[in-house]
Each structure stands twice: as structure tokens, then as C-alpha cells.
Amino acid sequence: MNKREKKMTSSLQPSGEKVSGKEGSPVDKLSRLQHEVFTLTEELKSQKELVLHKALEAAQQEKRTSKQFLAAAGEQERLELVRHKERCIADLDGRLEALLKDKEELEQRLAMQDCQVNELLQQHVQLMMEKNNAKQEVILKLSEQVAACMADPQRTGCRRRLSTSRLF
């Protein structure tokens with residue numbers, strides 16, 4: 001399977017061809033689209049082959065099991081084969097149940113983490129809003145001071161503030 005995946009990924013980009021985000025002429029677009037169609041066709045063939053391979057494996061396993069069952073000399077051997085298969089099924093059911101439980105726990109953890117992330121985001125937004133409000137208050141106070149100094153430049157301390165504010 002790894003060989004197929006490597007073959008698929010190597011066939012996705014022809015050698016020497018650079019992939020860029022810019023589209024060129026209509027001819028380039030057409031060749032790019034044709035290349036995409038080709039690669040998707042190859043991928044589809046590969047997926048079909050994989051599905052057929054899995055189906056073949058399952059059929060062969062079923063055939064082996066049937067042969068074992070029919071080749072068993074007596075009822076006792078056949079019964080033991082059936083019991084073995086039942087144990088295998090029970091084991092698989094147990095594994096499935098454990099995996100489903102793990103999945104549920106992971107989903108719960110993910111939901112909790114999502115809630116925590118949302119809370120942190122809300123706190124961050126709140127802090128940013130408070131910071132913004134504080135900045136606006138400072139700007140308003142400074143604007144008021146500048147306006148007061150402009151209205152009465154003879155006021156004490158205004159000359160120094162105005163001279164430093166003109167530098168900026």
C-alpha cells in the first residue's frame with residue numbers, strides 16, 4: 001500500500017513543474033485541469049483496487065473458515081470451530097465497546113476544552129475592550145488638557161505642555 005501511495009503522490013506533480021498560486025494562460029489552465037483529471041482518475045483506480053483487495057481478503061478468509069468447518073471430522077470439532085469464532089466475535093465486541101468508551105471520553109474532553117477556549121477568548125475580548133476604553137479615556141483627558149491650554153495659554157504649566165506637545 002505504501003508503494004501505491006508513493007506512486008500516487010509522485011504522479012501528482014510532474015517532474016520539473018512548479019506549482020504556483022497564480023493562474024496563467026487558458027492553455028496553462030487547461031493543462032492543469034487535464035493533469036488534475038488524470039491524477040484523480042489514478043487515485044480513483046487505486047482506491048477501487050484497494051477496496052477490491054480488501055473484499056478479496058474477506059472472501060478468502062470466509063472460504064478458509066468454511067473449509068475448516070467442512071473438513072472437521074466430527075460434530076465436536078465443528079462445534080469447537082463455532083465456539084472459537086464466537087470467542088473471536090466476543091473479543092471484537094469488547095474491543096469495540098472499549099474504543100467507543102474511549103471515543104466518548106475524548107469527545108467529552110474536547111467539549112470541555114472547547115468551553116475553556118471560549119471562556120479564555122471571552123476574557124481576552126473583555127480585557128481588550130477594557131484596554132481600549134482606558135486608552136480612549138487617556139486620549140480624552142489629554143485632548144481636554146490640550147484644549148484648555150489652547151484656550152488659556154497663560155495658565156501655569158500649559159506653556160511647558162504645549163511646547164512638548166508641539167514636538168510630537
# chains A, B, ... in the order shown; residues from 1 in each chain; ligands from 1

$ residues_around --residues "stretch 55-66 of chain A" --least-positions-apart "3" --cutoff "12 Å" --atoms "only C-alpha atoms" --output "list in words"
Lys48, Glu49, Leu50, Val51, Leu52, Phe69, Leu70, Ala71, Ala72, Arg78, Leu81, Val82, His84 and Lys85 of chain A

$ atom_distance --atom1 "atom CA of A:Gln126" --atom2 "atom CA of A:Asp114"
18.2 Å

$ atom_distance --atom1 "atom CA of A:Gly74" --atom2 "atom CA of A:Cys88"
21.6 Å

$ decode --residues "stretch 14-147 of chain A" --atoms "C-alpha atoms" --output "PDB file, in the first residue's frame"
ATOM      1  CA  PRO A  14       5.236  16.061 -12.968  1.00  0.00           C
ATOM      2  CA  SER A  15       8.971  16.482 -12.535  1.00  0.00           C
ATOM      3  CA  GLY A  16      10.315  19.927 -13.239  1.00  0.00           C
ATOM      4  CA  GLU A  17       6.894  21.585 -12.934  1.00  0.00           C
ATOM      5  CA  LYS A  18       6.493  24.238 -10.277  1.00  0.00           C
ATOM      6  CA  VAL A  19       3.201  24.694  -8.510  1.00  0.00           C
ATOM      7  CA  SER A  20       2.195  28.303  -8.058  1.00  0.00           C
ATOM      8  CA  GLY A  21      -0.866  30.041  -6.772  1.00  0.00           C
ATOM      9  CA  LYS A  22      -1.114  32.234  -9.900  1.00  0.00           C
ATOM     10  CA  GLU A  23      -3.085  31.100 -12.888  1.00  0.00           C
ATOM     11  CA  GLY A  24      -1.601  31.654 -16.303  1.00  0.00           C
ATOM     12  CA  SER A  25      -2.980  31.494 -19.779  1.00  0.00           C
ATOM     13  CA  PRO A  26      -6.016  29.420 -20.756  1.00  0.00           C
ATOM     14  CA  VAL A  27      -3.662  26.791 -22.167  1.00  0.00           C
ATOM     15  CA  ASP A  28      -1.948  26.513 -18.771  1.00  0.00           C
ATOM     16  CA  LYS A  29      -5.324  26.262 -17.052  1.00  0.00           C
ATOM     17  CA  LEU A  30      -6.416  23.565 -19.461  1.00  0.00           C
ATOM     18  CA  SER A  31      -3.246  21.539 -18.981  1.00  0.00           C
ATOM     19  CA  ARG A  32      -3.512  21.949 -15.198  1.00  0.00           C
ATOM     20  CA  LEU A  33      -7.126  20.765 -15.283  1.00  0.00           C
ATOM     21  CA  GLN A  34      -6.213  17.835 -17.519  1.00  0.00           C
ATOM     22  CA  HIS A  35      -3.435  16.935 -15.104  1.00  0.00           C
ATOM     23  CA  GLU A  36      -5.887  17.104 -12.182  1.00  0.00           C
ATOM     24  CA  VAL A  37      -8.340  14.859 -14.045  1.00  0.00           C
ATOM     25  CA  PHE A  38      -5.543  12.395 -14.717  1.00  0.00           C
ATOM     26  CA  THR A  39      -4.365  12.332 -11.093  1.00  0.00           C
ATOM     27  CA  LEU A  40      -7.919  11.988  -9.786  1.00  0.00           C
ATOM     28  CA  THR A  41      -8.534   9.138 -12.224  1.00  0.00           C
ATOM     29  CA  GLU A  42      -5.381   7.411 -10.999  1.00  0.00           C
ATOM     30  CA  GLU A  43      -6.415   7.947  -7.388  1.00  0.00           C
ATOM     31  CA  LEU A  44      -9.860   6.506  -8.119  1.00  0.00           C
ATOM     32  CA  LYS A  45      -8.289   3.437  -9.739  1.00  0.00           C
ATOM     33  CA  SER A  46      -6.045   2.998  -6.711  1.00  0.00           C
ATOM     34  CA  GLN A  47      -8.983   3.284  -4.299  1.00  0.00           C
ATOM     35  CA  LYS A  48     -11.016   0.778  -6.337  1.00  0.00           C
ATOM     36  CA  GLU A  49      -8.063  -1.612  -6.307  1.00  0.00           C
ATOM     37  CA  LEU A  50      -7.755  -1.247  -2.538  1.00  0.00           C
ATOM     38  CA  VAL A  51     -11.472  -1.931  -1.999  1.00  0.00           C
ATOM     39  CA  LEU A  52     -11.315  -4.985  -4.247  1.00  0.00           C
ATOM     40  CA  HIS A  53      -8.217  -6.210  -2.415  1.00  0.00           C
ATOM     41  CA  LYS A  54      -9.997  -5.907   0.962  1.00  0.00           C
ATOM     42  CA  ALA A  55     -13.075  -7.678  -0.410  1.00  0.00           C
ATOM     43  CA  LEU A  56     -10.876 -10.456  -1.785  1.00  0.00           C
ATOM     44  CA  GLU A  57      -9.151 -10.878   1.594  1.00  0.00           C
ATOM     45  CA  ALA A  58     -12.512 -11.121   3.357  1.00  0.00           C
ATOM     46  CA  ALA A  59     -13.791 -13.676   0.852  1.00  0.00           C
ATOM     47  CA  GLN A  60     -10.628 -15.752   1.195  1.00  0.00           C
ATOM     48  CA  GLN A  61     -10.908 -15.685   4.993  1.00  0.00           C
ATOM     49  CA  GLU A  62     -14.530 -16.796   4.768  1.00  0.00           C
ATOM     50  CA  LYS A  63     -13.554 -19.579   2.363  1.00  0.00           C
ATOM     51  CA  ARG A  64     -10.808 -20.811   4.729  1.00  0.00           C
ATOM     52  CA  THR A  65     -13.236 -20.808   7.634  1.00  0.00           C
ATOM     53  CA  SER A  66     -15.813 -22.738   5.613  1.00  0.00           C
ATOM     54  CA  LYS A  67     -13.186 -25.261   4.535  1.00  0.00           C
ATOM     55  CA  GLN A  68     -12.110 -25.757   8.141  1.00  0.00           C
ATOM     56  CA  PHE A  69     -15.698 -26.234   9.177  1.00  0.00           C
ATOM     57  CA  LEU A  70     -16.430 -28.729   6.419  1.00  0.00           C
ATOM     58  CA  ALA A  71     -13.118 -30.541   6.890  1.00  0.00           C
ATOM     59  CA  ALA A  72     -13.784 -31.100  10.560  1.00  0.00           C
ATOM     60  CA  ALA A  73     -14.212 -34.831  11.151  1.00  0.00           C
ATOM     61  CA  GLY A  74     -16.954 -34.738  13.698  1.00  0.00           C
ATOM     62  CA  GLU A  75     -19.583 -32.627  15.239  1.00  0.00           C
ATOM     63  CA  GLN A  76     -17.331 -31.929  18.227  1.00  0.00           C
ATOM     64  CA  GLU A  77     -14.663 -30.309  16.018  1.00  0.00           C
ATOM     65  CA  ARG A  78     -17.279 -28.260  14.183  1.00  0.00           C
ATOM     66  CA  LEU A  79     -18.737 -27.160  17.469  1.00  0.00           C
ATOM     67  CA  GLU A  80     -15.269 -26.137  18.679  1.00  0.00           C
ATOM     68  CA  LEU A  81     -14.740 -24.082  15.489  1.00  0.00           C
ATOM     69  CA  VAL A  82     -18.060 -22.307  16.054  1.00  0.00           C
ATOM     70  CA  ARG A  83     -17.153 -21.644  19.690  1.00  0.00           C
ATOM     71  CA  HIS A  84     -13.775 -20.270  18.611  1.00  0.00           C
ATOM     72  CA  LYS A  85     -15.464 -17.897  16.181  1.00  0.00           C
ATOM     73  CA  GLU A  86     -17.914 -16.836  18.899  1.00  0.00           C
ATOM     74  CA  ARG A  87     -14.992 -16.073  21.225  1.00  0.00           C
ATOM     75  CA  CYS A  88     -13.363 -14.022  18.472  1.00  0.00           C
ATOM     76  CA  ILE A  89     -16.614 -12.119  17.941  1.00  0.00           C
ATOM     77  CA  ALA A  90     -16.986 -11.527  21.686  1.00  0.00           C
ATOM     78  CA  ASP A  91     -13.396 -10.276  21.852  1.00  0.00           C
ATOM     79  CA  LEU A  92     -14.009  -7.911  18.952  1.00  0.00           C
ATOM     80  CA  ASP A  93     -17.226  -6.711  20.605  1.00  0.00           C
ATOM     81  CA  GLY A  94     -15.279  -5.994  23.802  1.00  0.00           C
ATOM     82  CA  ARG A  95     -12.641  -4.062  21.868  1.00  0.00           C
ATOM     83  CA  LEU A  96     -15.324  -2.130  20.043  1.00  0.00           C
ATOM     84  CA  GLU A  97     -17.042  -1.264  23.316  1.00  0.00           C
ATOM     85  CA  ALA A  98     -13.749  -0.084  24.831  1.00  0.00           C
ATOM     86  CA  LEU A  99     -12.993   2.017  21.766  1.00  0.00           C
ATOM     87  CA  LEU A 100     -16.469   3.555  21.836  1.00  0.00           C
ATOM     88  CA  LYS A 101     -15.992   4.384  25.524  1.00  0.00           C
ATOM     89  CA  ASP A 102     -12.603   5.981  24.753  1.00  0.00           C
ATOM     90  CA  LYS A 103     -14.184   7.921  21.903  1.00  0.00           C
ATOM     91  CA  GLU A 104     -16.929   9.206  24.184  1.00  0.00           C
ATOM     92  CA  GLU A 105     -14.382  10.262  26.814  1.00  0.00           C
ATOM     93  CA  LEU A 106     -12.295  12.036  24.182  1.00  0.00           C
ATOM     94  CA  GLU A 107     -15.377  13.814  22.856  1.00  0.00           C
ATOM     95  CA  GLN A 108     -16.223  14.965  26.386  1.00  0.00           C
ATOM     96  CA  ARG A 109     -12.668  16.215  26.920  1.00  0.00           C
ATOM     97  CA  LEU A 110     -12.814  18.012  23.602  1.00  0.00           C
ATOM     98  CA  ALA A 111     -16.105  19.654  24.539  1.00  0.00           C
ATOM     99  CA  MET A 112     -14.623  20.771  27.869  1.00  0.00           C
ATOM    100  CA  GLN A 113     -11.548  22.148  26.138  1.00  0.00           C
ATOM    101  CA  ASP A 114     -13.754  23.966  23.646  1.00  0.00           C
ATOM    102  CA  CYS A 115     -15.625  25.558  26.555  1.00  0.00           C
ATOM    103  CA  GLN A 116     -12.341  26.576  28.176  1.00  0.00           C
ATOM    104  CA  VAL A 117     -11.086  28.063  24.917  1.00  0.00           C
ATOM    105  CA  ASN A 118     -14.332  30.008  24.517  1.00  0.00           C
ATOM    106  CA  GLU A 119     -14.066  31.302  28.085  1.00  0.00           C
ATOM    107  CA  LEU A 120     -10.461  32.355  27.503  1.00  0.00           C
ATOM    108  CA  LEU A 121     -11.446  34.090  24.289  1.00  0.00           C
ATOM    109  CA  GLN A 122     -14.244  35.941  26.060  1.00  0.00           C
ATOM    110  CA  GLN A 123     -11.830  37.002  28.799  1.00  0.00           C
ATOM    111  CA  HIS A 124      -9.344  38.143  26.170  1.00  0.00           C
ATOM    112  CA  VAL A 125     -12.013  40.155  24.369  1.00  0.00           C
ATOM    113  CA  GLN A 126     -13.110  41.699  27.673  1.00  0.00           C
ATOM    114  CA  LEU A 127      -9.515  42.664  28.522  1.00  0.00           C
ATOM    115  CA  MET A 128      -9.013  44.146  25.070  1.00  0.00           C
ATOM    116  CA  MET A 129     -12.216  46.172  25.438  1.00  0.00           C
ATOM    117  CA  GLU A 130     -11.118  47.427  28.862  1.00  0.00           C
ATOM    118  CA  LYS A 131      -7.701  48.338  27.457  1.00  0.00           C
ATOM    119  CA  ASN A 132      -9.337  50.149  24.561  1.00  0.00           C
ATOM    120  CA  ASN A 133     -11.649  52.050  26.930  1.00  0.00           C
ATOM    121  CA  ALA A 134      -8.690  53.037  29.125  1.00  0.00           C
ATOM    122  CA  LYS A 135      -6.806  54.304  26.074  1.00  0.00           C
ATOM    123  CA  GLN A 136      -9.845  56.298  24.979  1.00  0.00           C
ATOM    124  CA  GLU A 137     -10.136  57.840  28.439  1.00  0.00           C
ATOM    125  CA  VAL A 138      -6.461  58.858  28.359  1.00  0.00           C
ATOM    126  CA  ILE A 139      -6.906  60.345  24.900  1.00  0.00           C
ATOM    127  CA  LEU A 140      -9.985  62.282  26.053  1.00  0.00           C
ATOM    128  CA  LYS A 141      -8.201  63.637  29.140  1.00  0.00           C
ATOM    129  CA  LEU A 142      -5.179  64.679  27.087  1.00  0.00           C
ATOM    130  CA  SER A 143      -7.441  66.255  24.468  1.00  0.00           C
ATOM    131  CA  GLU A 144      -9.239  68.181  27.185  1.00  0.00           C
ATOM    132  CA  GLN A 145      -5.912  69.362  28.615  1.00  0.00           C
ATOM    133  CA  VAL A 146      -4.696  70.469  25.182  1.00  0.00           C
ATOM    134  CA  ALA A 147      -7.998  72.260  24.529  1.00  0.00           C
TER     135      ALA A 147
END
